[in-house]
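Please read the structure below before turning to the comments.
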Amino acid sequence: MMDRLEGFYADILHAIDLIEGFLDQGKITTFDGYSKHILVKSAVERQLGIIGEAVNQVRKLDPRHPIPEADRIVQFRNRLIHSYDSIDDTFVWPILTKHLPELKAVIQGRAK
């Protein structure tokens, strides 16, 4: 179980690193830049879906997980996957700029 759990944590960090790379490659530093870059948006949304699924698996394996807002992360993943046509960039941008760095810090700093 611990190996699987560590794998899901690694998946979360990898997805965050990819998102950061996509934003850097696209030279995206503003909401306007993000909202106009369809290729980056598509790649970012895919990785957010992966993060949500990995968080869901962590919740199942370890109910005492250290992930804050895990329910909201999974709910967003479900919306992203099942209601993709209602995703609003004004909702995604704060996830990228505020919540992902916080999630990354929590995952990197958790006790192993």
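Going through the structure tokens in order, the chains are called A, B, and so on, while each chain numbers its residues from 1 and the ligands are numbered from 1 in the order shown.
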
Asp32 of chain A surroundings by only C-alpha atoms, 12 Å radius, close-in-sequence under 3 positions cut, as a list in words: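 Residues meeting the cut-off are Lys27, Ile28, Thr29, Ser35, Lys36, His37, Ile38, Lys41, Asp89, Thr90 and Trp93 of chain A.
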
Expected file: the selected residues, N, CA and C atoms, as a CSV table (one decimal), in the first residue's frame:
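File written: again28.csv
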chain,number,residue,atom,x,y,z
A,27,LYS,N,5.4,31.0,-22.0
A,27,LYS,CA,5.7,32.3,-21.5
A,27,LYS,C,4.4,33.0,-21.0
A,28,ILE,N,3.6,32.1,-20.2
A,28,ILE,CA,2.3,32.6,-19.7
A,28,ILE,C,2.5,33.0,-18.3
A,29,THR,N,2.3,34.3,-18.0
A,29,THR,CA,2.4,34.9,-16.7
A,29,THR,C,1.1,35.6,-16.3
A,35,SER,N,-5.7,32.5,-21.0
A,35,SER,CA,-7.0,32.3,-21.6
A,35,SER,C,-6.9,32.2,-23.1
A,36,LYS,N,-5.9,32.8,-23.7
A,36,LYS,CA,-5.7,32.8,-25.1
A,36,LYS,C,-4.9,31.7,-25.7
A,37,HIS,N,-4.3,30.9,-24.8
A,37,HIS,CA,-3.3,29.8,-25.3
A,37,HIS,C,-4.0,28.5,-25.2
A,38,ILE,N,-4.7,28.1,-26.2
A,38,ILE,CA,-5.5,26.9,-26.2
A,38,ILE,C,-4.7,25.6,-26.0
A,41,LYS,N,-3.7,25.5,-22.3
A,41,LYS,CA,-4.9,25.3,-21.5
A,41,LYS,C,-5.3,23.8,-21.6
A,89,ASP,N,-12.1,29.7,-17.4
A,89,ASP,CA,-10.7,30.0,-17.1
A,89,ASP,C,-10.5,30.9,-15.9
A,90,THR,N,-11.5,31.7,-15.5
A,90,THR,CA,-11.4,32.5,-14.3
A,90,THR,C,-11.4,31.6,-13.1
A,93,TRP,N,-7.4,29.7,-13.4
A,93,TRP,CA,-6.2,30.6,-13.2
A,93,TRP,C,-5.8,30.6,-11.7

Residues of segment 60-100 of chain A at most 8 Å from segment 46-50 of chain A: nearest atom pair and distance in Å, only C-alpha atoms, as a Markdown table:
| residue | atom | partner | partner_atom | distance |
| --- | --- | --- | --- | --- |
| A:Arg77 | CA | A:Gly49 | CA | 5.0 |
| A:Asn78 | CA | A:Gly49 | CA | 7.9 |
| A:Leu80 | CA | A:Gly49 | CA | 6.7 |
| A:Ile81 | CA | A:Gly49 | CA | 7.0 |

Those selected residues, please, written with N, CA and C atoms and delivered as an mmCIF file, in the first residue's frame.
data_model
loop_
_atom_site.group_PDB
_atom_site.id
_atom_site.type_symbol
_atom_site.label_atom_id
_atom_site.label_comp_id
_atom_site.auth_asym_id
_atom_site.auth_seq_id
_atom_site.Cartn_x
_atom_site.Cartn_y
_atom_site.Cartn_z
ATOM 1 N N ARG A 77 -11.862 17.867 -10.401
ATOM 2 C CA ARG A 77 -11.490 16.829 -11.374
ATOM 3 C C ARG A 77 -12.736 16.260 -12.027
ATOM 4 N N ASN A 78 -13.737 15.960 -11.234
ATOM 5 C CA ASN A 78 -14.975 15.403 -11.776
ATOM 6 C C ASN A 78 -15.659 16.387 -12.724
ATOM 7 N N LEU A 80 -14.135 18.760 -14.385
ATOM 8 C CA LEU A 80 -13.246 18.867 -15.539
ATOM 9 C C LEU A 80 -13.473 17.726 -16.519
ATOM 10 N N ILE A 81 -13.652 16.541 -16.008
ATOM 11 C CA ILE A 81 -13.813 15.354 -16.849
ATOM 12 C C ILE A 81 -15.244 15.235 -17.376
#

Spatial neighbours of Val92 of chain A, max dist 10 Å, only C-alpha atoms, sep filter under 4 positions, as a short mmCIF file (atom, residue, chain, number, x, y, z; two decimals) with C-alpha atoms, in the first residue's frame:
data_model
loop_
_atom_site.label_atom_id
_atom_site.label_comp_id
_atom_site.auth_asym_id
_atom_site.auth_seq_id
_atom_site.Cartn_x
_atom_site.Cartn_y
_atom_site.Cartn_z
CA PHE A 31 -4.66 35.36 -16.97
CA TYR A 34 -3.49 31.76 -20.28
CA SER A 35 -7.00 32.29 -21.58
CA LYS A 41 -4.94 25.26 -21.53
CA VAL A 44 -2.91 22.07 -18.11
CA GLU A 45 -6.46 20.76 -17.82
CA LEU A 48 -5.29 18.92 -13.36
CA PHE A 76 -12.95 19.90 -9.69
CA ILE A 87 -14.89 24.98 -17.25
CA ASP A 88 -14.21 28.67 -16.80
CA LEU A 96 -2.62 27.52 -11.12
CA THR A 97 -1.29 30.61 -9.39
CA HIS A 99 -3.50 26.55 -5.03
#

Using only C-alpha atoms, which of A:Ile95, A:Ala15, A:Val74, A:Leu100 sits nearest Arg59 of chain A?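 Closest to Arg59 of chain A of all the choices is A:Val74.
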
Would you tabulate, counting only C-alpha atoms, all residues of segment 9-56 of chain A that have an atom at most 9 Å from an atom of segment 60-71 of chain A, showing the closest pair of atoms and their distance in Å to one decimal, sorted by chain then ascending number, as a Markdown table?
| residue | atom | partner | partner_atom | distance |
| --- | --- | --- | --- | --- |
| A:Gly52 | CA | A:Ala70 | CA | 8.3 |
| A:Val55 | CA | A:Ala70 | CA | 6.5 |
| A:Asn56 | CA | A:Lys60 | CA | 6.4 |

Residues within 8 Å of Gln108 of chain A, please, as JSON, numbers by chain. Count only C-alpha atoms; anything in the same chain fewer than 3 positions from it doesn't count. {"A": [13, 104, 105]}

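Omitting Phe8 of chain A and its sequence neighbours fewer than 6 positions away, and counting only C-alpha atoms, the residues within 8 Å are Ala54, Val55, Gln57 and Val58 of chain A.
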
Based on the selection just made, write C-alpha atoms of those residues as a tab-separated table (two decimals), in the first residue's frame.
chain	number	residue	atom	x	y	z
A	54	ALA	CA	-4.30	10.88	-7.81
A	55	VAL	CA	-5.71	12.83	-4.85
A	57	GLN	CA	-6.70	7.51	-4.85
A	58	VAL	CA	-4.68	8.93	-1.92

Please, what distance in Å, to one decimal, runs between atom CA of Ile19 of chain A and atom CA of Leu103 of chain A?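 Result for atom CA of Ile19 of chain A versus atom CA of Leu103 of chain A: 12.9 Å, one decimal.
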
Distance atom CA of Leu18 of chain A-atom CA of Glu6 of chain A, one decimal place?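 That distance, rounded to one decimal, is 18.2 Å.
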